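Enquirer: Sharing start-v1.txt (compact mmCIF, C-alpha atoms and all ligand atoms) below.
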# COMPACT_ATOMS: atom_id res chain seq x y z
CA MET K 1 33.46 -23.43 -35.71
CA LYS K 2 31.29 -21.68 -38.31
CA LYS K 3 28.31 -23.67 -39.55
CA LEU K 4 28.38 -24.62 -43.22
CA ILE K 5 25.23 -24.02 -45.26
CA ILE K 6 25.21 -25.54 -48.74
CA ALA K 7 22.65 -24.86 -51.45
CA ASN K 8 22.11 -27.79 -53.80
CA TRP K 9 20.14 -26.40 -56.73
CA LYS K 10 19.90 -29.87 -58.34
CA CYS K 11 18.74 -29.60 -62.00
CA ASN K 12 17.41 -26.03 -61.61
CA PRO K 13 16.70 -23.36 -62.80
CA ALA K 14 15.87 -23.83 -66.48
CA SER K 15 17.61 -20.71 -67.81
CA LEU K 16 20.80 -18.73 -67.33
CA LYS K 17 18.73 -15.60 -66.78
CA GLU K 18 16.96 -17.18 -63.79
CA ALA K 19 20.27 -18.43 -62.39
CA GLN K 20 21.71 -14.91 -62.69
CA ASN K 21 18.72 -13.46 -60.87
CA MET K 22 19.10 -15.99 -58.07
CA LEU K 23 22.81 -15.31 -57.70
CA VAL K 24 22.36 -11.53 -57.75
CA GLY K 25 19.56 -11.86 -55.18
CA LEU K 26 21.74 -13.99 -52.95
CA LYS K 27 24.64 -11.58 -53.20
CA ALA K 28 22.43 -8.61 -52.37
CA GLY K 29 20.75 -10.32 -49.41
CA LEU K 30 23.84 -11.36 -47.50
CA LYS K 31 24.43 -9.06 -44.58
CA ASN K 32 26.19 -9.92 -41.31
CA ASN K 33 26.26 -13.50 -42.40
CA LYS K 34 27.63 -15.84 -39.72
CA ALA K 35 27.82 -19.04 -41.74
CA GLU K 36 30.18 -20.46 -44.32
CA LEU K 37 28.21 -20.63 -47.57
CA VAL K 38 28.47 -22.81 -50.64
CA VAL K 39 26.23 -22.66 -53.70
CA CYS K 40 26.10 -25.69 -55.99
CA PRO K 41 24.38 -24.78 -59.28
CA PRO K 42 24.33 -27.06 -62.35
CA PHE K 43 27.67 -27.21 -64.25
CA VAL K 44 26.49 -24.82 -66.96
CA TYR K 45 26.01 -21.96 -64.45
CA LEU K 46 29.26 -22.41 -62.51
CA THR K 47 31.23 -19.77 -64.42
CA GLU K 48 28.46 -17.24 -63.98
CA ALA K 49 28.12 -18.11 -60.29
CA ASN K 50 31.81 -17.54 -59.75
CA LYS K 51 31.71 -14.25 -61.63
CA ILE K 52 28.74 -12.89 -59.69
CA LEU K 53 29.75 -14.13 -56.24
CA LYS K 54 33.47 -13.31 -56.52
CA GLY K 55 32.62 -9.69 -55.92
CA ILE K 56 31.75 -10.37 -52.29
CA GLY K 57 35.21 -11.52 -51.28
CA GLY K 58 34.79 -15.28 -51.21
CA VAL K 59 31.93 -15.18 -48.68
CA VAL K 60 30.11 -17.70 -50.85
CA LYS K 61 32.12 -20.56 -52.31
CA ILE K 62 31.11 -22.45 -55.43
CA GLY K 63 30.41 -26.17 -55.52
CA ALA K 64 29.52 -28.67 -58.22
CA GLN K 65 26.92 -31.45 -57.87
CA ASN K 66 29.01 -34.23 -59.38
CA CYS K 67 32.14 -34.92 -61.42
CA PHE K 68 34.06 -37.70 -63.12
CA TRP K 69 37.03 -39.60 -61.65
CA GLU K 70 39.52 -38.96 -64.45
CA THR K 71 41.21 -35.61 -65.12
CA ALA K 72 40.85 -35.68 -68.94
CA GLY K 73 40.53 -38.04 -71.88
CA ALA K 74 38.06 -39.96 -74.00
CA TYR K 75 35.06 -39.88 -71.64
CA THR K 76 32.20 -38.38 -73.62
CA GLY K 77 29.88 -36.25 -71.57
CA GLU K 78 31.95 -36.21 -68.39
CA ILE K 79 33.30 -33.23 -66.43
CA SER K 80 36.58 -33.65 -64.56
CA PRO K 81 37.54 -32.25 -61.15
CA LEU K 82 40.46 -30.46 -62.79
CA MET K 83 38.07 -28.56 -65.07
CA LEU K 84 35.95 -27.62 -62.05
CA LYS K 85 38.99 -26.37 -60.17
CA ASP K 86 39.92 -24.22 -63.14
CA LEU K 87 36.49 -22.57 -62.96
CA GLY K 88 36.99 -21.63 -59.30
CA VAL K 89 34.96 -24.50 -57.82
CA LYS K 90 35.99 -25.50 -54.27
CA TYR K 91 33.49 -28.24 -53.33
CA VAL K 92 31.93 -31.21 -55.12
CA ILE K 93 28.82 -33.09 -53.93
CA LEU K 94 29.33 -36.82 -54.50
CA GLY K 95 27.15 -39.89 -54.13
CA HIS K 96 23.89 -37.95 -53.83
CA SER K 97 20.99 -40.38 -53.55
CA GLU K 98 19.42 -38.94 -56.70
CA ARG K 99 22.51 -40.01 -58.66
CA VAL K 100 22.24 -43.44 -57.10
CA THR K 101 18.52 -43.94 -57.69
CA THR K 102 18.07 -42.05 -60.99
CA ILE K 103 21.41 -42.56 -62.73
CA GLY K 104 22.48 -45.85 -61.15
CA GLU K 105 25.74 -44.70 -59.58
CA THR K 106 27.34 -47.11 -57.13
CA ASN K 107 29.35 -46.62 -53.95
CA GLU K 108 32.41 -47.86 -55.86
CA MET K 109 31.98 -45.06 -58.39
CA THR K 110 31.60 -42.57 -55.55
CA ALA K 111 34.85 -43.84 -53.99
CA LYS K 112 36.74 -43.22 -57.25
CA LYS K 113 35.26 -39.74 -57.49
CA VAL K 114 36.13 -38.95 -53.87
CA LYS K 115 39.75 -39.90 -54.53
CA ALA K 116 39.91 -37.83 -57.72
CA VAL K 117 38.36 -34.78 -56.07
CA LEU K 118 40.80 -34.98 -53.15
CA ASN K 119 43.75 -35.41 -55.53
CA THR K 120 42.67 -32.23 -57.31
CA GLY K 121 42.61 -30.29 -54.05
CA LEU K 122 38.84 -29.84 -53.90
CA THR K 123 36.58 -30.76 -50.98
CA PRO K 124 34.19 -33.69 -51.48
CA ILE K 125 30.78 -33.57 -49.82
CA VAL K 126 29.78 -37.22 -49.60
CA CYS K 127 26.07 -37.96 -49.16
CA ILE K 128 24.94 -40.94 -47.12
CA GLY K 129 21.43 -42.04 -46.25
CA GLU K 130 18.95 -44.88 -46.08
CA THR K 131 15.59 -45.43 -47.78
CA LEU K 132 12.27 -45.49 -45.93
CA GLN K 133 12.03 -49.24 -46.36
CA GLU K 134 15.50 -49.74 -44.92
CA ARG K 135 14.64 -47.60 -41.92
CA GLU K 136 11.35 -49.40 -41.34
CA GLN K 137 13.14 -52.73 -41.44
CA ALA K 138 15.66 -51.50 -38.85
CA GLU K 139 18.47 -51.67 -41.41
CA ALA K 140 19.42 -48.00 -41.35
CA PHE K 141 22.59 -48.36 -39.28
CA GLY K 142 23.88 -51.24 -41.38
CA VAL K 143 23.13 -49.44 -44.64
CA ILE K 144 24.88 -46.28 -43.46
CA GLU K 145 27.93 -48.24 -42.38
CA LYS K 146 28.17 -50.05 -45.72
CA GLU K 147 27.72 -46.84 -47.67
CA LEU K 148 30.33 -45.00 -45.62
CA LYS K 149 32.90 -47.77 -45.91
CA GLU K 150 32.37 -48.42 -49.61
CA SER K 151 32.34 -44.79 -50.68
CA THR K 152 35.57 -44.04 -48.77
CA LYS K 153 37.40 -47.23 -49.70
CA GLY K 154 41.15 -46.66 -49.95
CA ILE K 155 41.01 -43.25 -48.28
CA HIS K 156 43.86 -42.50 -45.86
CA LYS K 157 43.63 -40.75 -42.52
CA LYS K 158 45.01 -37.48 -43.93
CA GLU K 159 42.40 -37.58 -46.69
CA ILE K 160 39.36 -38.52 -44.60
CA GLU K 161 39.81 -35.36 -42.56
CA LYS K 162 39.24 -33.31 -45.71
CA ILE K 163 35.92 -34.96 -46.56
CA ILE K 164 32.61 -33.50 -45.46
CA PHE K 165 29.76 -35.98 -45.02
CA ALA K 166 26.08 -35.23 -45.33
CA TYR K 167 23.49 -37.47 -43.70
CA GLU K 168 20.56 -37.32 -46.11
CA PRO K 169 17.84 -39.87 -45.37
CA LEU K 170 16.09 -40.49 -48.70
CA TRP K 171 12.65 -40.48 -47.06
CA ALA K 172 13.19 -36.93 -45.78
CA ILE K 173 14.10 -35.40 -49.15
CA SER K 174 11.26 -33.08 -50.16
CA THR K 175 10.79 -34.64 -53.59
CA ASN K 176 10.73 -38.22 -52.18
CA GLN K 177 8.40 -38.99 -49.26
CA GLY K 178 9.30 -35.62 -47.72
CA LEU K 179 8.89 -36.87 -44.17
CA ILE K 180 10.47 -34.93 -41.35
CA CYS K 181 13.62 -36.41 -39.87
CA SER K 182 13.66 -35.13 -36.29
CA SER K 183 16.74 -33.26 -35.14
CA ASP K 184 17.29 -36.10 -32.65
CA ASP K 185 17.30 -38.70 -35.41
CA ALA K 186 19.65 -36.55 -37.51
CA LEU K 187 21.94 -36.17 -34.52
CA THR K 188 21.91 -39.92 -33.82
CA MET K 189 23.11 -40.63 -37.35
CA ALA K 190 25.70 -37.85 -37.28
CA LEU K 191 27.11 -39.32 -34.06
CA TYR K 192 26.99 -42.81 -35.52
CA LEU K 193 28.99 -41.69 -38.58
CA LYS K 194 31.53 -40.02 -36.29
CA LYS K 195 31.79 -43.22 -34.26
CA LEU K 196 32.37 -45.36 -37.38
CA ILE K 197 35.02 -42.97 -38.70
CA GLY K 198 36.58 -42.92 -35.23
CA GLU K 199 36.82 -46.71 -35.18
CA ILE K 200 38.73 -46.73 -38.46
CA TYR K 201 40.82 -43.56 -38.28
CA GLY K 202 41.01 -42.82 -34.56
CA ARG K 203 38.64 -41.18 -32.10
CA LYS K 204 39.98 -37.65 -32.61
CA THR K 205 39.43 -37.87 -36.36
CA GLY K 206 35.89 -39.11 -35.80
CA GLN K 207 35.18 -36.22 -33.48
CA ALA K 208 36.64 -33.63 -35.86
CA ILE K 209 34.92 -34.84 -39.03
CA LYS K 210 32.19 -32.55 -40.36
CA ILE K 211 28.72 -34.06 -40.73
CA LEU K 212 25.94 -32.04 -42.33
CA TYR K 213 22.24 -32.81 -42.34
CA GLY K 214 20.08 -32.61 -45.46
CA GLY K 215 16.38 -33.33 -46.08
CA ASN K 216 13.40 -31.01 -46.05
CA ILE K 217 15.21 -28.06 -44.50
CA ASN K 218 13.25 -24.82 -44.38
CA LYS K 219 13.53 -21.50 -42.61
CA LYS K 220 11.41 -22.76 -39.71
CA ASN K 221 13.25 -25.99 -38.90
CA ALA K 222 16.86 -25.11 -39.86
CA LYS K 223 17.72 -23.89 -36.38
CA ASN K 224 16.70 -27.19 -34.71
CA TYR K 225 19.33 -29.16 -36.63
CA LEU K 226 22.08 -26.63 -36.02
CA GLU K 227 21.71 -26.52 -32.26
CA ASN K 228 23.97 -29.48 -31.65
CA GLU K 229 27.70 -29.13 -32.16
CA ALA K 230 27.87 -32.56 -33.82
CA ILE K 231 25.96 -31.22 -36.83
CA SER K 232 28.31 -28.91 -38.70
CA GLY K 233 25.79 -27.53 -41.14
CA LEU K 234 23.00 -28.13 -43.65
CA LEU K 235 22.64 -29.31 -47.23
CA VAL K 236 19.56 -27.53 -48.54
CA GLY K 237 17.72 -28.64 -51.68
CA GLY K 238 14.30 -27.24 -52.61
CA ALA K 239 14.38 -24.33 -50.18
CA SER K 240 17.64 -23.06 -51.68
CA LEU K 241 15.85 -22.25 -54.95
CA ASN K 242 13.83 -19.60 -53.20
CA ILE K 243 16.52 -17.06 -52.39
CA LYS K 244 14.43 -15.30 -49.75
CA GLU K 245 13.84 -18.59 -47.96
CA PHE K 246 17.49 -19.57 -48.30
CA LEU K 247 18.60 -16.24 -46.84
CA SER K 248 16.29 -16.84 -43.88
CA ILE K 249 17.90 -20.24 -43.36
CA VAL K 250 21.33 -18.58 -43.44
CA LYS K 251 20.11 -15.99 -40.93
CA SER K 252 19.00 -18.70 -38.53
CA VAL K 253 22.65 -19.65 -37.98
P1 LIG K 301 15.33 -31.05 -50.05
O1 LIG K 301 15.91 -29.94 -49.19
O2 LIG K 301 14.56 -30.54 -51.21
O3 LIG K 301 14.63 -32.05 -49.20
O4 LIG K 301 16.61 -31.81 -50.69
C1 LIG K 301 17.61 -32.24 -49.88
C2 LIG K 301 18.75 -32.66 -50.72
O5 LIG K 301 18.67 -33.64 -51.43
C3 LIG K 301 19.96 -31.81 -50.69
O6 LIG K 301 21.04 -32.41 -51.32
As C-alpha cells, please, write out the structure in this file.
Expert:
Amino acid sequence: MKKLIIANWKCNPASLKEAQNMLVGLKAGLKNNKAELVVCPPFVYLTEANKILKGIGGVVKIGAQNCFWETAGAYTGEISPLMLKDLGVKYVILGHSERVTTIGETNEMTAKKVKAVLNTGLTPIVCIGETLQEREQAEAFGVIEKELKESTKGIHKKEIEKIIFAYEPLWAISTNQGLICSSDDALTMALYLKKLIGEIYGRKTGQAIKILYGGNINKKNAKNYLENEAISGLLVGGASLNIKEFLSIVKSV
C-alpha cells in the first residue's frame, strides 16, 4: 500500500502569487515519487491548485481544510462539500485541533461534516489527538476514544472504511508546544484507534483503516513514522510550506 503524504498549509501563504510559486515548485520537484500526495491549501487557492497540479496526471490530489455540513442554502460564510467537489477537491480535513481550540468546533459538528463529506463522495481526513495536560494526567486513551466515537457518530461500516484518521497530538504540533511524539508513541495510538474501530465495526475493518500521523514532521524524522505498516502516512503542517523540505519528506517514503 502506498503511503499517503498530506500537506496542510493551514492559513498560508498570504498571497495568490506565493501559492502559485509553491504549487509550481511542487510540480517541478516531483520525480519518481512513490507516495500518494494530497495538498490542502486554503479555500481561495483551491482552483489554482487544481489548475496547476492537474497537468501532472493526478499525481497530487487536492484537499480542503474544512467544510460545512449542508450542500447549499442560507449559511453565510460557509463552503459546502458539493462546491468543493465541483472544484476538483477529493479530500477534506475535518476536526483539526486548531478548529476545535481556535474556532470552538465540537465533535458533534465534526460528525455532521464527516457525514456530509461522505455523502458527497469525498474522503474525510478526521483529526484526533489529546492535549499535553490530558496526556500528563494519563487521560490520552480516554480522550481519543471519546473523540473517535463522537466524531464518527452514526457512521455505518461501509462509510467508516472510507474515512482516513490522523492522530495529531496537540502537544506535538509545531505551533503549540512542538514536542516530539516518538514513533513508538504514534504507533501505539494508531494501533489503539485501529483496535477501537475493530471493536465497533469488526477486526478486519479496524486493521484496514488508514491512520496517519501528524505533528512536527520534518525531512529528518518523517522516515521513522513511516517504518511501521500501521501508520499509513503523514499529515504535514509547517514543513509543507517549505516546498524543498516537503519534497524531501516525500522522497523519504
Ligand atoms: P506541524 O507539522 O506544523 O506540527 O502541524 C501539524 C498539523 O497540524 C497538520 O495538520
Enquirer: Choose the residue, out of K:Lys17, K:Lys210, K:Lys219, K:His156, that has the smallest atom-to-atom separation from ligand LIG 301 (chain K); count all atoms listed in the file.
Expert: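 Closest residue, counting all atoms listed in the file: K:Lys219.
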Enquirer: Kindly indicate which residue among K:Ile6, K:Leu87, K:Leu212, K:Ile93 lies nearest to K:Val60, using only C-alpha atoms for the distances.
Expert: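 So, comparing all the options, the nearest one is K:Ile6.
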Enquirer: Tell me which of K:Asn221, K:Thr106, K:Asn50, K:Asn119 sits closest to K:Asp86, counting all atoms listed in the file.
Expert: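 Ranked by minimum distance to K:Asp86, first place goes to K:Asn50.
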Enquirer: Enumerate residues in contact with ligand LIG 301 (chain K): an atom-to-atom distance of at most 8 Å, counting only C-alpha atoms and all ligand atoms. Format the result as number ranges by chain.
Expert: K: 7-8, 10, 96-98, 127, 168, 170, 172-176, 178, 214-218, 235-240
Enquirer: What does the structure give for the distance between atom CA of K:Lys251 and atom CA of K:Gly58, in Å to one decimal?
Expert: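 It comes out at 17.9 Å.
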Enquirer: Kindly indicate which residue among K:Tyr213, K:Tyr75, K:Phe165, K:Tyr45 lies nearest to K:Leu94, using only C-alpha atoms for the distances.
Expert: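 For K:Leu94, the nearest of the given residues is K:Phe165.
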Enquirer: Taking into account all atoms listed in the file, which residue in the set K:Leu132, K:Ala138, K:Tyr91, K:Leu37 is nearest to K:Leu118?
Expert: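 Nearest candidate to K:Leu118 out of K:Leu132, K:Ala138, K:Tyr91, K:Leu37: K:Tyr91.
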Enquirer: If I take atom CA of K:Ile125 and atom CA of K:Gly95, how far is one from the other in Å, to one decimal?
Expert: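 These atoms are spaced 8.5 Å apart.
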Enquirer: Using only C-alpha atoms, what does the table of stretch 82-136 of chain K residues within 12 Å of stretch 183-193 of chain K look like, with each row giving the shortest atom pair and its distance in Å to one decimal, sorted by chain and ascending number, as a Markdown table?
Expert:
| residue | atom | partner | partner_atom | distance |
| --- | --- | --- | --- | --- |
| K:Val126 | CA | K:Leu193 | CA | 11.9 |
| K:Cys127 | CA | K:Leu193 | CA | 11.6 |
| K:Ile128 | CA | K:Leu193 | CA | 9.5 |
| K:Gly129 | CA | K:Met189 | CA | 9.2 |
| K:Glu130 | CA | K:Met189 | CA | 10.6 |
| K:Arg135 | CA | K:Asp185 | CA | 11.3 |
Enquirer: Taking 6 positions as the minimum chain separation for residues in the same chain, which residues sit within 10 Å of K:Gly29 when counting only C-alpha atoms? Answer as a PyMOL selection string.
Expert: chain K and resi 23+243-244+246-248
Enquirer: Find the residues near K:Lys149: any atom within 12 Å, counting all atoms listed in the file, skip ones fewer than 2 places away on the same chain, and give them as a compact mmCIF listing (two decimals) with C-alpha atoms, keeping the file's coordinate frame.
Expert:
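Everything below was put into result-v3.txt:
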# COMPACT_ATOMS: atom_id res chain seq x y z
CA ASN K 107 29.35 -46.62 -53.95
CA GLU K 108 32.41 -47.86 -55.86
CA THR K 110 31.60 -42.57 -55.55
CA ALA K 111 34.85 -43.84 -53.99
CA VAL K 126 29.78 -37.22 -49.60
CA ILE K 128 24.94 -40.94 -47.12
CA GLY K 142 23.88 -51.24 -41.38
CA VAL K 143 23.13 -49.44 -44.64
CA ILE K 144 24.88 -46.28 -43.46
CA GLU K 145 27.93 -48.24 -42.38
CA LYS K 146 28.17 -50.05 -45.72
CA GLU K 147 27.72 -46.84 -47.67
CA SER K 151 32.34 -44.79 -50.68
CA THR K 152 35.57 -44.04 -48.77
CA LYS K 153 37.40 -47.23 -49.70
CA GLY K 154 41.15 -46.66 -49.95
CA ILE K 155 41.01 -43.25 -48.28
CA ILE K 160 39.36 -38.52 -44.60
CA LEU K 193 28.99 -41.69 -38.58
CA LEU K 196 32.37 -45.36 -37.38
CA ILE K 197 35.02 -42.97 -38.70
CA GLU K 199 36.82 -46.71 -35.18
CA ILE K 200 38.73 -46.73 -38.46
CA TYR K 201 40.82 -43.56 -38.28
Enquirer: Skip K:Ile5 itself and residues of its chain fewer than 3 positions away, then list as a ChimeraX atom specification all residues within 9 Å of it, counting only C-alpha atoms.
Expert: /K:35-39,212,232-236,249-250,253
Enquirer: Report the distance between atom CA of K:Asn33 and atom CA of K:Val92 in Å, rounded to one decimal place.
Expert: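 Computing it gives 22.5 Å between the two atoms.
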Enquirer: Box for stretch 89-93 of chain K - axis-aligned, 8 Å on each of the six sides, all listed atoms - centre and size in Å to one decimal, as JSON.
Expert:
{"center_x": 32.4, "center_y": -28.8, "center_z": -55.6, "size_x": 23.2, "size_y": 24.6, "size_z": 20.5}
Enquirer: Using only C-alpha atoms, which of the listed residues (K:Cys67, K:Lys115, K:Thr120, K:Leu84) sits closest to K:Arg99?
Expert: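 Once distances to K:Arg99 are computed over only C-alpha atoms, the minimum belongs to K:Cys67.
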